[in-house]
Each structure stands twice: as C-alpha cells, then as structure tokens.
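Below is one structure, written out as structure tokens, with a few remarks after it.
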Amino acid sequence: MKTQVAIIGGGPSGLLLAQLLHTRGIDSVVLERKTKDYVLGRIRAGVLEQGLVKLMEEAGCADRLHAEGITHDGTLVSYGDEMFRVDFTEHTGTPVVVYGQTEVTRDLYDARERSGGTIEFNVDDVVIHGADTDTPHITYTVAGEARSLTCDFIAGCDGFHGVSRQTIPLDVRREYEKVYPFGWLGILSETPPVNHELIYANSPRGFALCSMRNENLSRYYIQCSLSDRPEDWTDDAFWQELKRRIPSDQADKLVTGPSIEKSIAPLRSFVTEPMRWGRLFLCGDAAHIVPPTGAKGLNTAASDVHYLYNGLRDFYENDSTQGIDTYSEKALSRVWKAERFSWWFSSLMHRYPDQSEFDLKMQFAEIEFLRSNTAAQQSMAENYVGLPY
C-alpha cells in the first residue's frame with residue numbers, strides 16, 4: 001500500500017491531521033493499535049482553545065461542537081472558603097469551549113468514514129523504516145498478516161508509549177521530564193455540575209477540580225497519593241472528600257450520584273526534542289505531556305497539528321520545505337510555553353509532600369496576588385485560552 005502521509009495513531013491528533021489533509025486533497029492512511037470502540041472509550045479532558053475549534057471548523061467537523069459545546073468566559077479559583085473569578089473575555093476577548101475529547105474524536109471518526117479515508121485498526125508490530133531517507137515506509141501486522149505502507153512522510157501521533165519517538169536515535173533526541181508526587185482521582189457522574197464554570201480549588205487537604213461534560217454529566221477530581229488505587233475509594237468517600245476541598249457554599253449545592261467511571265491519573269511534564277527526524281514528525285503525547293491542570297494536553301497536540309498540516313500543505317501545493325523544516329522549532333516554542341503554564345498552575349493549586357510553612361505562605365501570597373492583580377489575571381487568562389499559533 002502507498003500513501004502520501006502515513007499517520008500512526010487514531011486518536012484526535014492523528015484523525016484531525018488526516019481530515020485537514022483530506023480537505024486539501026492530500027492522501028493519508030491512519031494506523032491504530034486498538035479498536036475504534038477502545039479509542040472512544042478513553043475518558044479525557046474537554047476544555048478546547050479557540051485554535052482547536054478553528055481547526056475543527058477547517059476540517060469540516062465542528063457542527064456538533066458548536067451545537068453542544070459549552071462556552072466558558074471565565075473560571076473560578078478557590079482557596080479554603082474564598083473564591084474569585086478570572087474573566088477570560090474581559091482580559092482576552094476570547095472564551096474556551098467545554099466539549100469532551102471523546103466527542104471530538106467521535107466527530108473526527110465520523111468525518112473520516114464519510115470521506116472514505118483509510119483507517120487500519122488492531123495494528124501490531126509497527127516498525128518505521130528509513131525515516132531519515134527520502135523513501136520511508138512502515139511495516140506492521142493486522143491479525144497476523146504482514147503489511148507494508150510506503151509514504152512520503154510519517155506523522156507519529158501514537159502517544160507516549162508509541163513507536164514513533166523511540167524510532168529517533170538516542171544520540172539525536174533529548175528528553176526532559178518532571179514527575180509530580182501525586183495523582184488525580186477522577187470520577188464521571190450523571191449529575192448536574194455544581195457550578196456553570198470550572199472550579200479550581202486549593203485546600204489544606206489538597207487540590208480539587210469541579211468540571212463538566214454537559215448539563216447532566218459532571219467530571220470531578222481530587223488530588224490523591226500515587227499509591228492509591230481507584231478501588232480504594234468508594235463513591236461516598238470521594239464525594240465527602242470533594243466537599244471538604246471546595247468552598248462550603250459550593251459543597252452545600254453539590255449533587256452526588258453513582259460514578260460511571262473512576263480512574264487515577266499520575267501527573268508529569270515531559271518534552272522530547274527535536275520533534276522531527278528526517279521525514280518523521282512527532283505530534284501530541286508522542287512528543288510532550290503536560291499535567292492536566294490548565295487543560296493543555298489536547299490543545300498542544302492541536303497546535304502541533306496546525307504547524308505540521310500547514311508545512312505539509314506548503315510542500316505539496318507550493319513545493320516548499322520551509323514549513324516542515326521549521327516544524328520542530330515552531331511546535332516546541334509553543335509547547336514549552338504551555339509546559340510553563342501547566343507547571344505554574346499545578347504549583348499554585350496543589351499541596352506537595354515536602355512543602356514547608358514558608359512554601360505554603362508563598363503559595364497563599366501568589367493566590368492572593370492573582371486575586372487582586374489585573375495583570376496577573378490577564379497573564380493567566382491569555383495562557384488559559386491559548387497562546388496564538
């Protein structure tokens with residue numbers, strides 16, 4: 001089989017890239033290790049920057065997003081029983097949109113199927129060959145059958161554990177990582193959100209986040225130990241702990257119910273450089289991971305797709321390599337800014353095991369400064385809604 005762009009990974013970044021290329025008549029094949037149902041079963045965040053919304057529009061996949069997405073003009077920050085609001089539209093003129101990553105992926109799958117684009121599922125034994133030559137190809141198996149895909153370029157959208165990053169030689173790539181000493185225990189419940197905007201809570205008992213997917217589907221998180229397991233927490237224990245960490249007036253109106261999903265996510269920051277080796281390009285989690293504080297994971301993947309899509313389009317339409325030659329530099333410049341914001345916001349809102357009394361006073365002073373200083377709120381708002389591409 002032969003294509004112009006081989007895309008490893010059938011998650012949102014790979015599918016978005018495929019659909020954008022399709023709008024310009026550029027052929028691609030998507031290789032996915034799991035089934036479609038498995039990919040759609042993964043629960044992920046759902047705060048979308050306008051840059052991602054515009055890419056979905058350009059890909060022709062934004063109708064349901066506009067119909068069902070919830071526009072947020074700000075967010076709430078609490079510490080103890082105190083709470084204040086950071087107004088995004090006042091400071092930036094730009095809101096964010098709450099729309100689940102699963103729904104983004106579903107819309108992209110539907111578009112891919114309507115366009116007749118090729119997706120291979122249950123792909124195993126993927127090996128990238130000749131990425132540093134002008135004739136790369138990929139070998140893999142499906143149900144034990146050996147297959148080969150020849151292409152012009154390879155987009156590695158296969159996540160942290162995929163083969164794409166590992167294909168770049170160790171003497172070429174450099175990796176940077178920070179592992180946080182806690183995780184997030186999250187539940188999904190068929191209950192109305194406690195507030196129409198997100199609440200980021202700093203409490204003496206640890207961080208909490210009140211979020212939502214729609215008017216009757218809520219997503220809540222609490223900071224937990226890395227040694228905890230989801231089964232260690234009953235639903236009742238989770239709700240009681242959440243109530244202790246958010247302002248009492250919000251806890252009083254919290255509607256509880258059975259969880260329909262419960263999981264623990266560790267937190268880490270990770271970046272690999274470069275994001276290009278020959279004709280192999282890394283996108284999303286294959287190249288970088290951010291803590292979920294600030295909702296930058298899917299959005300940084302989208303910015304990667306923006307740079308790569310425009311570079312590939314310039315190559316095929318104008319016979320220019322400038323876009324693909326500068327892809328890694330442009331993508332990493334924005335990635336590191338997103339990493340900085342996620343690190344700052346995580347440091348502001350969580351309790352760390354080794355925090356001294358001085359550290360806690362500094363954290364409290366930083367929150368107070370954010371509450372009272374217009375410039376600080378503008379800086380947070382600009383980063384939260386998404387820096388320009």
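Ligands are numbered from 1 in the order shown, chains are lettered A, B, ... in the order of the structure tokens, and residues start at 1 in each chain.
Near Pro247 of chain A, within a cut-off of 9 Å and counting only C-alpha atoms, sit the residues Ser78, Tyr79, Gly80, Asp81, Glu82, Met83, Ala201, Lys243, Arg244, Gln250, Ala251 and Asp252 of chain A, with same-chain residues fewer than 3 positions away left out.
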| said: Neighbouring residues of segment 296-301 of chain A were defined as those with any atom within 7 Å, considering only C-alpha atoms; residues of the same chain fewer than 6 positions away were excluded. Please report them as a PyMOL selection string. | reply: chain A and resi 13+48-49+52+283-284+289-290+335+338
Would you save the residues of that selection, restricted to N, CA and C atoms, as a compact mmCIF listing (two decimals), in the first residue's frame?
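File produced: selection37.txt:
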# COMPACT_ATOMS: atom_id res chain seq x y z
N SER A 13 -5.45 13.71 17.55
CA SER A 13 -4.46 14.45 16.76
C SER A 13 -4.24 13.80 15.40
N LEU A 48 -11.49 23.21 25.28
CA LEU A 48 -10.90 23.45 23.97
C LEU A 48 -10.56 24.93 23.78
N GLU A 49 -9.32 25.18 23.37
CA GLU A 49 -8.94 26.53 22.97
C GLU A 49 -9.58 26.87 21.62
N LEU A 52 -8.07 25.19 18.49
CA LEU A 52 -8.56 23.85 18.16
C LEU A 52 -9.95 23.93 17.54
N CYS A 283 3.79 14.29 16.99
CA CYS A 283 2.66 15.16 17.36
C CYS A 283 2.09 14.73 18.70
N GLY A 284 1.67 15.69 19.50
CA GLY A 284 0.94 15.39 20.72
C GLY A 284 1.76 14.64 21.74
N ILE A 289 4.04 15.80 27.19
CA ILE A 289 2.93 15.58 28.10
C ILE A 289 2.92 16.74 29.09
N VAL A 290 1.74 17.23 29.41
CA VAL A 290 1.60 18.28 30.42
C VAL A 290 0.69 17.78 31.53
N VAL A 335 5.03 24.64 22.75
CA VAL A 335 4.92 23.57 23.74
C VAL A 335 5.54 23.99 25.07
N ALA A 338 3.35 26.25 27.01
CA ALA A 338 2.25 25.50 27.62
C ALA A 338 2.74 24.70 28.83
| field | Top pick for closest residue to Glu317 of chain A, considering A:Leu21, A:Leu16, A:Met1, A:Cys157 and counting only C-alpha atoms | value |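 When distances to Glu317 of chain A are compared using only C-alpha atoms, the smallest one comes from A:Leu21.
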| task | Give the answer as one residue: which of A:Arg33, A:Arg112, A:Arg85, A:Lys54 has the shortest atom-to-atom distance to Tyr140 of chain A, using only C-alpha atoms? | result |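 The answer is A:Arg33, which sits nearest to Tyr140 of chain A.
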| field | Point-to-point distance from atom CA of Thr150 of chain A to atom CA of Asp134 of chain A, Å rounded to tenths | value |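 Interatomic distance here is 10.9 Å.
The neighbours of segment 89-104 of chain A here are the residues that come within 8 Å of it, using only C-alpha atoms and leaving out any residue fewer than 6 positions away in the same chain; they are Pro12, Leu40, Gly41, Arg42, Ile43, Arg44, Ala45, Gly46, Val47, Leu48, Glu49, Gln50, Leu65, Glu68, Gly69, Ile70, Thr71, His72, Asp73, Gly74, Met212, Arg213, Asn214, Leu298, Gln377, Gln378, Ala381, Glu382 and Val385 of chain A.
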